[in-house]
>>> print(open('start_29.txt').read())   # compact mmCIF, C-alpha atoms
# COMPACT_ATOMS: atom_id res chain seq x y z
CA MET A 1 55.84 70.69 -50.44
CA LYS A 2 55.85 74.48 -50.34
CA ILE A 3 55.82 75.70 -46.72
CA ALA A 4 55.41 79.22 -45.29
CA TYR A 5 56.37 80.15 -41.73
CA VAL A 6 55.04 83.38 -40.25
CA THR A 7 56.97 84.51 -37.19
CA ALA A 8 57.89 87.78 -35.45
CA PHE A 9 61.65 87.14 -35.60
CA TYR A 10 64.12 84.92 -37.39
CA TYR A 11 67.86 84.34 -37.50
CA PRO A 12 70.12 86.14 -36.56
CA THR A 13 67.73 87.05 -33.73
CA ILE A 14 68.28 84.83 -30.67
CA GLY A 15 65.26 83.22 -29.03
CA GLY A 16 63.39 79.97 -28.57
CA VAL A 17 60.68 80.51 -31.18
CA GLU A 18 63.24 81.68 -33.71
CA GLN A 19 65.31 78.55 -33.14
CA VAL A 20 62.28 76.25 -33.41
CA VAL A 21 61.37 77.72 -36.81
CA LYS A 22 64.98 77.49 -37.98
CA GLU A 23 65.33 73.85 -36.90
CA LEU A 24 62.18 72.83 -38.77
CA ALA A 25 62.80 74.99 -41.85
CA GLU A 26 66.36 73.82 -42.48
CA ARG A 27 65.45 70.16 -42.02
CA TYR A 28 62.63 70.42 -44.55
CA VAL A 29 64.89 72.17 -47.07
CA LYS A 30 67.33 69.26 -46.79
CA GLN A 31 64.42 66.91 -47.51
CA GLY A 32 63.68 68.77 -50.74
CA HIS A 33 60.83 71.03 -49.63
CA GLU A 34 60.64 74.74 -50.47
CA VAL A 35 60.49 76.84 -47.30
CA HIS A 36 59.78 80.57 -46.91
CA ILE A 37 60.02 82.66 -43.73
CA PHE A 38 57.85 85.78 -43.40
CA THR A 39 59.13 87.91 -40.53
CA SER A 40 59.94 91.43 -39.34
CA ASP A 41 63.11 93.43 -40.03
CA TRP A 42 63.81 93.83 -36.29
CA ASP A 43 66.37 91.74 -34.40
CA LYS A 44 65.22 93.09 -30.99
CA LYS A 45 67.94 95.75 -31.14
CA SER A 46 67.86 97.38 -34.56
CA ARG A 47 66.51 97.06 -38.10
CA ILE A 48 67.96 94.41 -40.37
CA LYS A 49 68.89 96.07 -43.65
CA THR A 50 68.71 92.98 -45.87
CA LYS A 51 65.03 92.36 -46.55
CA GLU A 52 65.28 89.40 -48.94
CA GLU A 53 67.86 86.64 -48.63
CA THR A 54 68.35 82.88 -48.64
CA ILE A 55 69.92 81.36 -45.52
CA ASN A 56 70.90 77.68 -45.69
CA GLY A 57 68.37 77.19 -48.48
CA VAL A 58 65.53 78.93 -46.62
CA HIS A 59 63.95 81.95 -48.34
CA VAL A 60 63.66 84.79 -45.82
CA HIS A 61 61.31 87.74 -46.41
CA ARG A 62 61.69 90.56 -43.89
CA HIS A 63 59.07 93.28 -43.55
CA PHE A 64 59.32 96.86 -42.36
CA HIS A 65 57.88 96.90 -38.85
CA ILE A 66 55.75 99.91 -37.92
CA LEU A 67 55.63 99.13 -34.20
CA LYS A 68 57.53 97.07 -31.66
CA VAL A 69 56.47 96.09 -28.16
CA ALA A 70 59.17 95.40 -25.55
CA SER A 71 61.33 92.54 -26.87
CA PHE A 72 58.62 90.10 -27.88
CA ALA A 73 56.31 91.65 -30.48
CA SER A 74 56.65 93.34 -33.83
CA ILE A 75 53.85 94.58 -36.11
CA PHE A 76 54.42 94.48 -39.88
CA PRO A 77 51.17 94.85 -41.91
CA SER A 78 52.97 94.55 -45.28
CA LEU A 79 52.90 90.81 -44.55
CA LEU A 80 49.31 90.86 -45.78
CA TRP A 81 50.28 91.55 -49.39
CA THR A 82 53.65 89.79 -49.55
CA LEU A 83 52.23 86.51 -48.22
CA SER A 84 49.24 86.80 -50.54
CA LYS A 85 51.53 86.87 -53.59
CA TYR A 86 52.49 83.20 -53.12
CA LYS A 87 50.64 79.91 -53.28
CA PHE A 88 51.69 77.56 -50.47
CA ASP A 89 50.69 74.02 -49.59
CA ILE A 90 50.68 74.96 -45.89
CA ILE A 91 51.03 78.12 -43.80
CA HIS A 92 52.38 77.73 -40.27
CA THR A 93 52.05 80.70 -37.92
CA HIS A 94 53.88 81.07 -34.60
CA VAL A 95 52.94 82.64 -31.21
CA SER A 96 49.32 83.24 -30.26
CA GLY A 97 47.73 86.67 -29.89
CA HIS A 98 50.16 88.55 -32.15
CA ALA A 99 49.34 90.68 -35.17
CA HIS A 100 51.49 88.67 -37.58
CA THR A 101 49.65 85.47 -36.61
CA PHE A 102 46.32 87.21 -37.24
CA PHE A 103 47.52 88.52 -40.62
CA GLY A 104 48.78 85.07 -41.59
CA SER A 105 45.48 83.44 -40.67
CA ILE A 106 43.54 86.01 -42.72
CA ILE A 107 45.62 85.28 -45.82
CA ALA A 108 45.32 81.52 -45.29
CA LYS A 109 41.53 81.90 -45.11
CA ILE A 110 41.33 84.11 -48.21
CA LYS A 111 43.59 81.83 -50.26
CA LYS A 112 42.04 78.65 -48.84
CA THR A 113 45.47 77.44 -47.73
CA PRO A 114 45.69 74.86 -44.89
CA LEU A 115 46.77 76.64 -41.69
CA VAL A 116 48.72 75.25 -38.72
CA HIS A 117 49.44 77.41 -35.68
CA THR A 118 51.88 76.85 -32.82
CA THR A 119 51.01 78.76 -29.65
CA HIS A 120 54.45 78.76 -27.90
CA CYS A 121 52.91 79.13 -24.44
CA PRO A 122 52.34 82.93 -24.07
CA TRP A 123 49.61 82.69 -21.43
CA THR A 124 51.07 84.07 -18.18
CA GLU A 125 50.86 87.79 -17.35
CA GLY A 126 53.76 88.35 -14.95
CA PHE A 127 56.29 91.10 -15.72
CA ARG A 128 53.90 92.80 -18.13
CA SER A 129 52.86 96.41 -17.59
CA LEU A 130 49.21 97.29 -16.95
CA VAL A 131 48.90 98.53 -20.52
CA GLY A 132 50.55 95.35 -21.75
CA ARG A 133 48.15 93.16 -19.77
CA ILE A 134 45.16 95.07 -21.12
CA LEU A 135 46.37 94.79 -24.72
CA VAL A 136 47.16 91.08 -24.35
CA ASN A 137 43.73 90.42 -22.84
CA ILE A 138 42.01 92.26 -25.69
CA SER A 139 44.06 90.45 -28.34
CA TYR A 140 43.35 87.02 -26.82
CA LYS A 141 39.61 87.67 -26.82
CA THR A 142 39.46 89.15 -30.32
CA ILE A 143 42.12 88.50 -32.97
CA ASN A 144 43.35 85.37 -31.20
CA LYS A 145 39.88 83.82 -31.36
CA ILE A 146 39.71 84.56 -35.08
CA SER A 147 43.18 83.05 -35.61
CA PHE A 148 42.18 79.89 -33.76
CA LYS A 149 38.94 79.69 -35.73
CA PHE A 150 40.80 79.90 -39.05
CA SER A 151 43.50 77.39 -37.96
CA ASP A 152 43.01 73.81 -39.14
CA LYS A 153 45.37 72.50 -36.46
CA ILE A 154 46.75 74.11 -33.29
CA ILE A 155 50.05 72.84 -31.88
CA ALA A 156 50.46 73.12 -28.11
CA ILE A 157 54.08 72.65 -27.09
CA THR A 158 52.97 71.36 -23.67
CA PRO A 159 49.69 69.92 -22.28
CA TRP A 160 49.71 72.81 -19.77
CA GLU A 161 48.51 75.08 -22.58
CA ILE A 162 45.38 73.17 -23.56
CA PRO A 163 42.92 74.83 -21.11
CA PHE A 164 44.12 78.28 -22.25
CA ILE A 165 43.75 77.38 -25.92
CA GLU A 166 40.20 76.20 -25.29
CA LYS A 167 39.44 79.28 -23.18
CA TYR A 168 40.39 81.58 -26.04
CA GLY A 169 38.49 79.78 -28.78
CA GLY A 170 40.59 76.78 -29.82
CA LYS A 171 38.48 73.70 -30.46
CA LYS A 172 39.61 70.55 -28.65
CA GLU A 173 39.60 68.46 -31.83
CA LYS A 174 42.07 70.88 -33.46
CA ILE A 175 44.69 70.68 -30.69
CA ILE A 176 47.71 68.40 -30.87
CA VAL A 177 50.68 68.41 -28.49
CA ILE A 178 54.11 68.44 -30.16
CA PRO A 179 56.98 69.54 -27.90
CA ASN A 180 60.13 71.38 -28.88
CA GLY A 181 63.24 69.36 -29.67
CA VAL A 182 66.99 69.05 -29.33
CA ASP A 183 69.74 68.68 -31.94
CA LYS A 184 71.83 65.50 -32.13
CA ILE A 185 75.03 67.44 -31.41
CA PHE A 186 74.03 67.67 -27.74
CA PHE A 187 73.87 63.89 -27.35
CA ASN A 188 77.43 63.25 -28.49
CA LYS A 189 80.48 63.60 -26.28
CA ILE A 190 82.81 66.26 -27.72
CA LYS A 191 86.45 65.23 -27.87
CA ASN A 192 89.13 67.64 -26.72
CA ASN A 193 86.63 69.99 -25.11
CA ASP A 194 88.58 73.20 -24.58
CA PHE A 195 85.71 75.35 -23.25
CA LYS A 196 87.05 75.72 -19.71
CA LYS A 197 90.61 76.14 -20.92
CA GLN A 198 89.62 79.05 -23.18
CA LEU A 199 88.00 80.79 -20.23
CA ASN A 200 90.81 79.83 -17.83
CA ILE A 201 88.33 78.08 -15.54
CA LYS A 202 89.48 75.26 -13.28
CA GLU A 203 86.50 75.25 -10.92
CA LYS A 204 83.20 73.39 -11.32
CA ILE A 205 80.68 75.32 -13.43
CA VAL A 206 77.05 76.01 -12.51
CA LEU A 207 75.29 77.29 -15.61
CA PHE A 208 72.57 79.83 -16.42
CA PHE A 209 71.95 79.83 -20.17
CA GLY A 210 69.11 81.97 -21.48
CA ARG A 211 67.93 85.45 -22.35
CA LEU A 212 68.67 88.04 -19.67
CA ASN A 213 64.98 88.82 -19.35
CA PRO A 214 63.13 89.44 -16.06
CA THR A 215 60.98 86.33 -16.63
CA LYS A 216 64.09 84.12 -16.78
CA GLY A 217 65.29 85.04 -13.28
CA PRO A 218 69.00 85.73 -13.94
CA ASP A 219 68.99 87.97 -10.85
CA LYS A 220 67.76 85.03 -8.73
CA PHE A 221 70.63 82.94 -10.10
CA VAL A 222 73.14 85.59 -9.02
CA LEU A 223 71.60 85.92 -5.56
CA ALA A 224 71.86 82.16 -5.02
CA ALA A 225 75.43 82.17 -6.36
CA LYS A 226 76.47 84.88 -3.91
CA GLU A 227 75.03 82.91 -1.01
CA ILE A 228 76.95 79.78 -2.06
CA LEU A 229 80.16 81.75 -2.60
CA LYS A 230 80.05 82.90 1.02
CA GLU A 231 80.87 79.28 1.89
CA ARG A 232 82.76 77.96 -1.15
CA LYS A 233 85.17 79.40 -3.68
CA ASP A 234 85.65 76.29 -5.83
CA ILE A 235 82.68 77.03 -8.10
CA LYS A 236 82.23 79.30 -11.11
CA PHE A 237 78.74 80.54 -11.86
CA LEU A 238 78.39 81.16 -15.59
CA ILE A 239 75.74 83.48 -17.09
CA VAL A 240 75.35 83.10 -20.85
CA GLY A 241 72.78 84.81 -23.06
CA PRO A 242 71.68 88.00 -24.81
CA ASP A 243 70.53 91.03 -22.86
CA GLU A 244 66.78 91.68 -22.74
CA GLY A 245 66.70 94.36 -20.08
CA MET A 246 68.46 92.67 -17.16
CA LEU A 247 72.17 92.93 -17.95
CA ASN A 248 72.80 96.09 -15.93
CA LYS A 249 70.94 94.75 -12.91
CA VAL A 250 72.82 91.46 -13.12
CA LYS A 251 76.16 93.28 -13.35
CA GLU A 252 75.21 95.40 -10.35
CA LEU A 253 74.38 92.28 -8.32
CA VAL A 254 77.56 90.50 -9.42
CA ALA A 255 79.65 93.49 -8.28
CA ASP A 256 82.82 92.20 -9.95
CA ASP A 257 82.80 88.88 -8.08
CA PRO A 258 85.42 86.84 -10.00
CA ASN A 259 83.48 83.61 -9.43
CA ILE A 260 80.42 84.87 -11.33
CA VAL A 261 81.17 85.22 -15.03
CA ILE A 262 78.94 86.95 -17.60
CA LEU A 263 79.72 85.86 -21.16
CA GLY A 264 76.95 87.29 -23.33
CA PRO A 265 75.33 85.25 -26.13
CA ILE A 266 76.83 82.15 -27.75
CA ARG A 267 75.45 81.11 -31.14
CA GLU A 268 77.55 78.20 -32.41
CA LYS A 269 75.98 74.84 -31.56
CA GLU A 270 79.32 73.10 -31.04
CA LYS A 271 80.45 75.76 -28.58
CA ILE A 272 77.10 75.56 -26.78
CA ALA A 273 77.47 71.78 -26.55
CA LYS A 274 80.99 72.24 -25.16
CA MET A 275 79.60 74.67 -22.59
CA TYR A 276 76.95 72.21 -21.37
CA GLN A 277 79.43 69.34 -21.23
CA SER A 278 81.85 71.47 -19.21
CA SER A 279 79.19 72.26 -16.60
CA GLU A 280 77.95 70.37 -13.55
CA ILE A 281 74.41 71.74 -13.19
CA TYR A 282 71.93 73.68 -15.30
CA VAL A 283 69.80 76.21 -13.40
CA MET A 284 66.52 77.64 -14.70
CA PRO A 285 65.13 79.96 -11.97
CA SER A 286 62.35 81.35 -14.17
CA PHE A 287 59.11 83.11 -13.31
CA ARG A 288 57.55 81.62 -16.45
CA GLU A 289 58.61 79.32 -19.27
CA GLY A 290 56.89 77.78 -22.25
CA LEU A 291 58.97 74.77 -23.11
CA PRO A 292 62.54 76.08 -23.45
CA LEU A 293 64.95 74.47 -25.88
CA THR A 294 67.67 74.77 -23.24
CA LEU A 295 65.76 72.31 -21.06
CA PHE A 296 66.15 69.57 -23.67
CA GLU A 297 69.72 70.57 -24.48
CA ALA A 298 70.63 70.24 -20.80
CA LEU A 299 68.88 66.85 -20.62
CA ALA A 300 70.73 65.58 -23.70
CA SER A 301 74.00 66.83 -22.23
CA GLY A 302 73.35 64.85 -19.06
CA LEU A 303 73.15 67.84 -16.76
CA PRO A 304 71.11 67.66 -13.55
CA ILE A 305 68.56 70.47 -13.61
CA VAL A 306 67.36 72.87 -10.92
CA ALA A 307 64.27 74.66 -12.25
CA SER A 308 61.14 76.52 -11.26
CA PRO A 309 58.11 74.21 -11.57
CA VAL A 310 56.30 76.57 -13.93
CA ASN A 311 54.10 76.15 -17.00
CA GLY A 312 55.27 73.26 -19.21
CA ILE A 313 58.38 72.26 -17.26
CA PRO A 314 56.72 69.81 -14.77
CA TYR A 315 55.17 67.98 -17.73
CA GLU A 316 58.62 67.13 -19.10
CA ILE A 317 60.85 66.56 -16.06
CA LYS A 318 60.24 65.12 -12.60
CA ASP A 319 61.70 65.84 -9.15
CA PRO A 320 64.03 64.11 -8.16
CA GLU A 321 64.34 61.90 -11.28
CA ASN A 322 65.73 64.69 -13.48
CA GLY A 323 66.84 67.20 -10.85
CA PHE A 324 64.95 69.44 -8.45
CA PHE A 325 62.14 71.98 -8.51
CA VAL A 326 62.56 75.23 -6.57
CA ASN A 327 59.84 77.86 -6.46
CA TYR A 328 60.66 81.14 -8.17
CA GLY A 329 62.50 83.50 -5.83
CA ASP A 330 63.30 80.92 -3.12
CA ILE A 331 67.02 81.72 -2.92
CA GLN A 332 67.73 79.53 0.10
CA LYS A 333 66.22 76.42 -1.50
CA LEU A 334 68.00 77.20 -4.77
CA LYS A 335 71.26 77.30 -2.87
CA GLU A 336 70.50 74.01 -1.07
CA LYS A 337 69.67 72.06 -4.22
CA ILE A 338 72.69 73.33 -6.15
CA LEU A 339 74.99 72.36 -3.29
CA LEU A 340 73.32 68.95 -2.92
CA LEU A 341 73.99 68.12 -6.57
CA LEU A 342 77.58 69.33 -6.32
CA GLU A 343 78.27 67.35 -3.16
CA ASP A 344 76.41 64.09 -3.89
CA LYS A 345 78.28 62.63 -6.86
CA LYS A 346 76.26 59.40 -7.00
CA LEU A 347 73.00 61.34 -7.08
CA ALA A 348 74.27 63.62 -9.84
CA GLU A 349 75.45 60.64 -11.91
CA LYS A 350 72.09 58.89 -11.53
CA ILE A 351 70.22 62.00 -12.65
CA SER A 352 72.65 62.49 -15.53
CA LYS A 353 71.91 58.99 -16.83
CA ASN A 354 68.15 59.53 -16.50
CA ASN A 355 68.34 62.82 -18.39
CA LYS A 356 70.34 61.44 -21.32
CA GLU A 357 67.79 58.66 -21.74
CA LYS A 358 64.81 61.01 -21.50
CA ALA A 359 66.25 63.42 -24.07
CA GLN A 360 66.06 60.73 -26.77
CA ASN A 361 62.30 61.42 -26.99
CA TYR A 362 62.95 65.01 -28.10
CA ASP A 363 65.34 64.51 -31.00
CA TRP A 364 64.61 67.31 -33.51
CA ASP A 365 64.46 64.77 -36.34
CA LEU A 366 61.55 63.03 -34.58
CA ILE A 367 59.79 66.31 -33.83
CA ALA A 368 60.24 67.49 -37.43
CA GLU A 369 58.82 64.21 -38.72
CA ARG A 370 55.75 64.51 -36.48
CA THR A 371 55.22 68.10 -37.62
CA LEU A 372 55.58 67.23 -41.30
CA ASN A 373 53.11 64.35 -40.90
CA LEU A 374 50.68 66.84 -39.37
CA TYR A 375 51.07 69.06 -42.45
CA LYS A 376 50.33 66.11 -44.75
CA GLU A 377 47.31 65.00 -42.73
CA THR A 378 45.91 68.54 -42.67
CA ILE A 379 46.38 69.00 -46.41
CA ASN A 380 44.83 65.61 -47.24
CA LYS A 381 41.87 66.16 -44.93
CA LEU A 382 41.04 69.49 -46.56
CA LYS A 383 41.37 67.98 -50.04
CA LYS A 384 38.88 65.25 -49.12
CA SER A 385 36.43 67.78 -47.68
CA LYS A 386 36.28 69.78 -50.93
>>> encode(input="start_29.txt", output="structure tokens")
Amino acid sequence: MKIAYVTAFYYPTIGGVEQVVKELAERYVKQGHEVHIFTSDWDKKSRIKTKEETINGVHVHRHFHILKVASFASIFPSLLWTLSKYKFDIIHTHVSGHAHTFFGSIIAKIKKTPLVHTTHCPWTEGFRSLVGRILVNISYKTINKISFKFSDKIIAITPWEIPFIEKYGGKKEKIIVIPNGVDKIFFNKIKNNDFKKQLNIKEKIVLFFGRLNPTKGPDKFVLAAKEILKERKDIKFLIVGPDEGMLNKVKELVADDPNIVILGPIREKEKIAKMYQSSEIYVMPSFREGLPLTLFEALASGLPIVASPVNGIPYEIKDPENGFFVNYGDIQKLKEKILLLLEDKKLAEKISKNNKEKAQNYDWDLIAERTLNLYKETINKLKKSK
């Protein structure tokens, strides 16, 4: 099968959507499929000079972007003619309401290529400027409706999205729910884990792992950490992830407290697995989330989770079976739940067992198989209709 992915960003850019595309693409290449990525030449910091390359067998085509919006959107119209040069069995676009998704759907329609679209849960408006909210609203009601109309199947990563998809033109019969996944490396216990030793950490670790973006709530994590550290000094609070506008504020809040450590991004899966397995609790104090990969990685690693009950998260984990929900910005409750999990060993062990079992449902191999079957069904259905 010849597969095209259309996405705003790709490796080496760090982000959930980018990782989802990479996980699928590299698995399909190993199965003998030909996979192409059509993306921008922006890594959220600067232009990527290499426009054409093959990474782990995946053909990557980067396009000169003429406009970028904050850290989440990139407009590259040259996609229209580069994508049209090829004949694919399936085109799969990613993230609703964006120009590249619209361009991809136009080419799929013109070339009569089966089209699958994954929404990636973009529907909340918090932390967007007034201009941003206006533009998003216009795009959802115009180009997004066209993209949904041209899509043969629409993948929602969580059932929470379905009413929004229908509101903006997605037909119910086109929608299928396929969640994100987790790599097998996170299920397996790593021998000789030297993560804490390398950082000279002897204390218990409470982990924040994600983009330092306002929507992720890294500042709320620090505020809760500082409250806990007024009472206890036997805990290290670890902040890991790339900066997306919040690093300076986080540093200001930390104020050189030695028990709050900022590491920056980590890319290597084995090191990430070591990090999870060295931690006691995973904290996700977000204002909004789609269905973050880190949620499943933490589950597979057996970490109890303290998270905001937002968007797709309550569909995948339950309170208190998998951890605890704390409303965004409730610093006192965040503090209480973190301390409860640190102090009640039996409770933490019970949750850890539950989470490892639950994570089995999200193995990337299973998710990739479901997605590939969807491609085959879509292609066969269109062939029969001709």
>>> residues_near_point(input="start_29.txt", point="(54.7, 79.2, -19.9)", cutoff="12 Å", atoms="only C-alpha atoms", output="MDAnalysis selection string")
chainID A and resid 95 119:126 156:162 164 215:216 286:292 308:315
>>> closest_residue(input="start_29.txt", among="A:Arg62, A:Lys204, A:Lys269, A:Lys45", to="Leu238 (chain A)", atoms="all atoms listed in the file")
A:Lys204
>>> residues_near_point(input="start_29.txt", point="(54.3, 76.3, -31.3)", cutoff="12 Å", atoms="all atoms listed in the file", output="PyMOL selection string")
chain A and resi 5-7+16-21+24+92-96+101+116-122+153-159+161+165+175-181+290-292+367+371
>>> closest_atom_pairs(input="start_29.txt", of="region 129-235 of chain A", to="region 337-347 of chain A", cutoff="12 Å", atoms="only C-alpha atoms", output="CSV")
residue,atom,partner,partner_atom,distance
A:Glu203,CA,A:Leu342,CA,11.7
A:Lys204,CA,A:Leu342,CA,8.5
A:Ile205,CA,A:Leu342,CA,9.8
A:Val206,CA,A:Ile338,CA,8.2
A:Leu207,CA,A:Ile338,CA,10.6
A:Phe221,CA,A:Ile338,CA,10.6
A:Ala224,CA,A:Ile338,CA,8.9
A:Ala225,CA,A:Ile338,CA,9.3
A:Glu227,CA,A:Leu339,CA,10.8
A:Ile228,CA,A:Leu339,CA,7.8
A:Leu229,CA,A:Leu339,CA,10.7
A:Glu231,CA,A:Leu339,CA,10.5
A:Arg232,CA,A:Leu339,CA,9.8
A:Asp234,CA,A:Leu342,CA,10.7
A:Ile235,CA,A:Leu342,CA,9.4
>>> atom_distance(input="start_29.txt", atom1="CA of Phe187 (chain A)", atom2="CA of Ala368 (chain A)")
17.3 Å
>>> atom_distance(input="start_29.txt", atom1="CA of Thr378 (chain A)", atom2="CA of Asp152 (chain A)")
7.0 Å
>>> atom_distance(input="start_29.txt", atom1="CA of Tyr10 (chain A)", atom2="CA of Pro163 (chain A)")
28.6 Å
>>> axis_aligned_box(input="start_29.txt", around="region 95-104 of chain A", padding_each_side="3 Å", output="JSON")
{"center_x": 49.6, "center_y": 86.7, "center_z": -35.7, "size_x": 12.6, "size_y": 14.0, "size_z": 17.7}
>>> closest_residue(input="start_29.txt", among="A:Val35, A:Ile351, A:Leu67, A:Ala255", to="Ala8 (chain A)", atoms="only C-alpha atoms")
A:Leu67
>>> closest_residue(input="start_29.txt", among="A:Phe38, A:Phe208, A:Tyr282, A:Phe9", to="Phe296 (chain A)", atoms="only C-alpha atoms")
A:Tyr282
>>> closest_residue(input="start_29.txt", among="A:Lys111, A:Lys353, A:Lys172, A:Lys251", to="Trp81 (chain A)", atoms="all atoms listed in the file")
A:Lys111
>>> closest_residue(input="start_29.txt", among="A:Gly32, A:Lys184, A:Glu268, A:Ile37", to="Asn361 (chain A)", atoms="all atoms listed in the file")
A:Lys184
>>> closest_residue(input="start_29.txt", among="A:Val58, A:Leu212, A:Leu199, A:Leu372", to="Gly245 (chain A)", atoms="only C-alpha atoms")
A:Leu212
>>> residues_around(input="start_29.txt", residues="Ile66 (chain A)", least_positions_apart="2", cutoff="8 Å", atoms="all atoms listed in the file", output="MDAnalysis selection string")
chainID A and resid 64 68 74:77
>>> write_last_selection(input="start_29.txt", atoms="C-alpha atoms", output="mmCIF file, in the coordinates of the input")
data_model
loop_
_atom_site.group_PDB
_atom_site.id
_atom_site.type_symbol
_atom_site.label_atom_id
_atom_site.label_comp_id
_atom_site.auth_asym_id
_atom_site.auth_seq_id
_atom_site.Cartn_x
_atom_site.Cartn_y
_atom_site.Cartn_z
ATOM 1 C CA PHE A 64 59.320 96.860 -42.360
ATOM 2 C CA LYS A 68 57.530 97.070 -31.660
ATOM 3 C CA SER A 74 56.650 93.340 -33.830
ATOM 4 C CA ILE A 75 53.850 94.580 -36.110
ATOM 5 C CA PHE A 76 54.420 94.480 -39.880
ATOM 6 C CA PRO A 77 51.170 94.850 -41.910
#
>>> residues_around(input="start_29.txt", residues="Asn248 (chain A)", least_positions_apart="4", cutoff="12 Å", atoms="all atoms listed in the file", output="PyMOL selection string")
chain A and resi 212-214+218-219+243-244+252-255+262
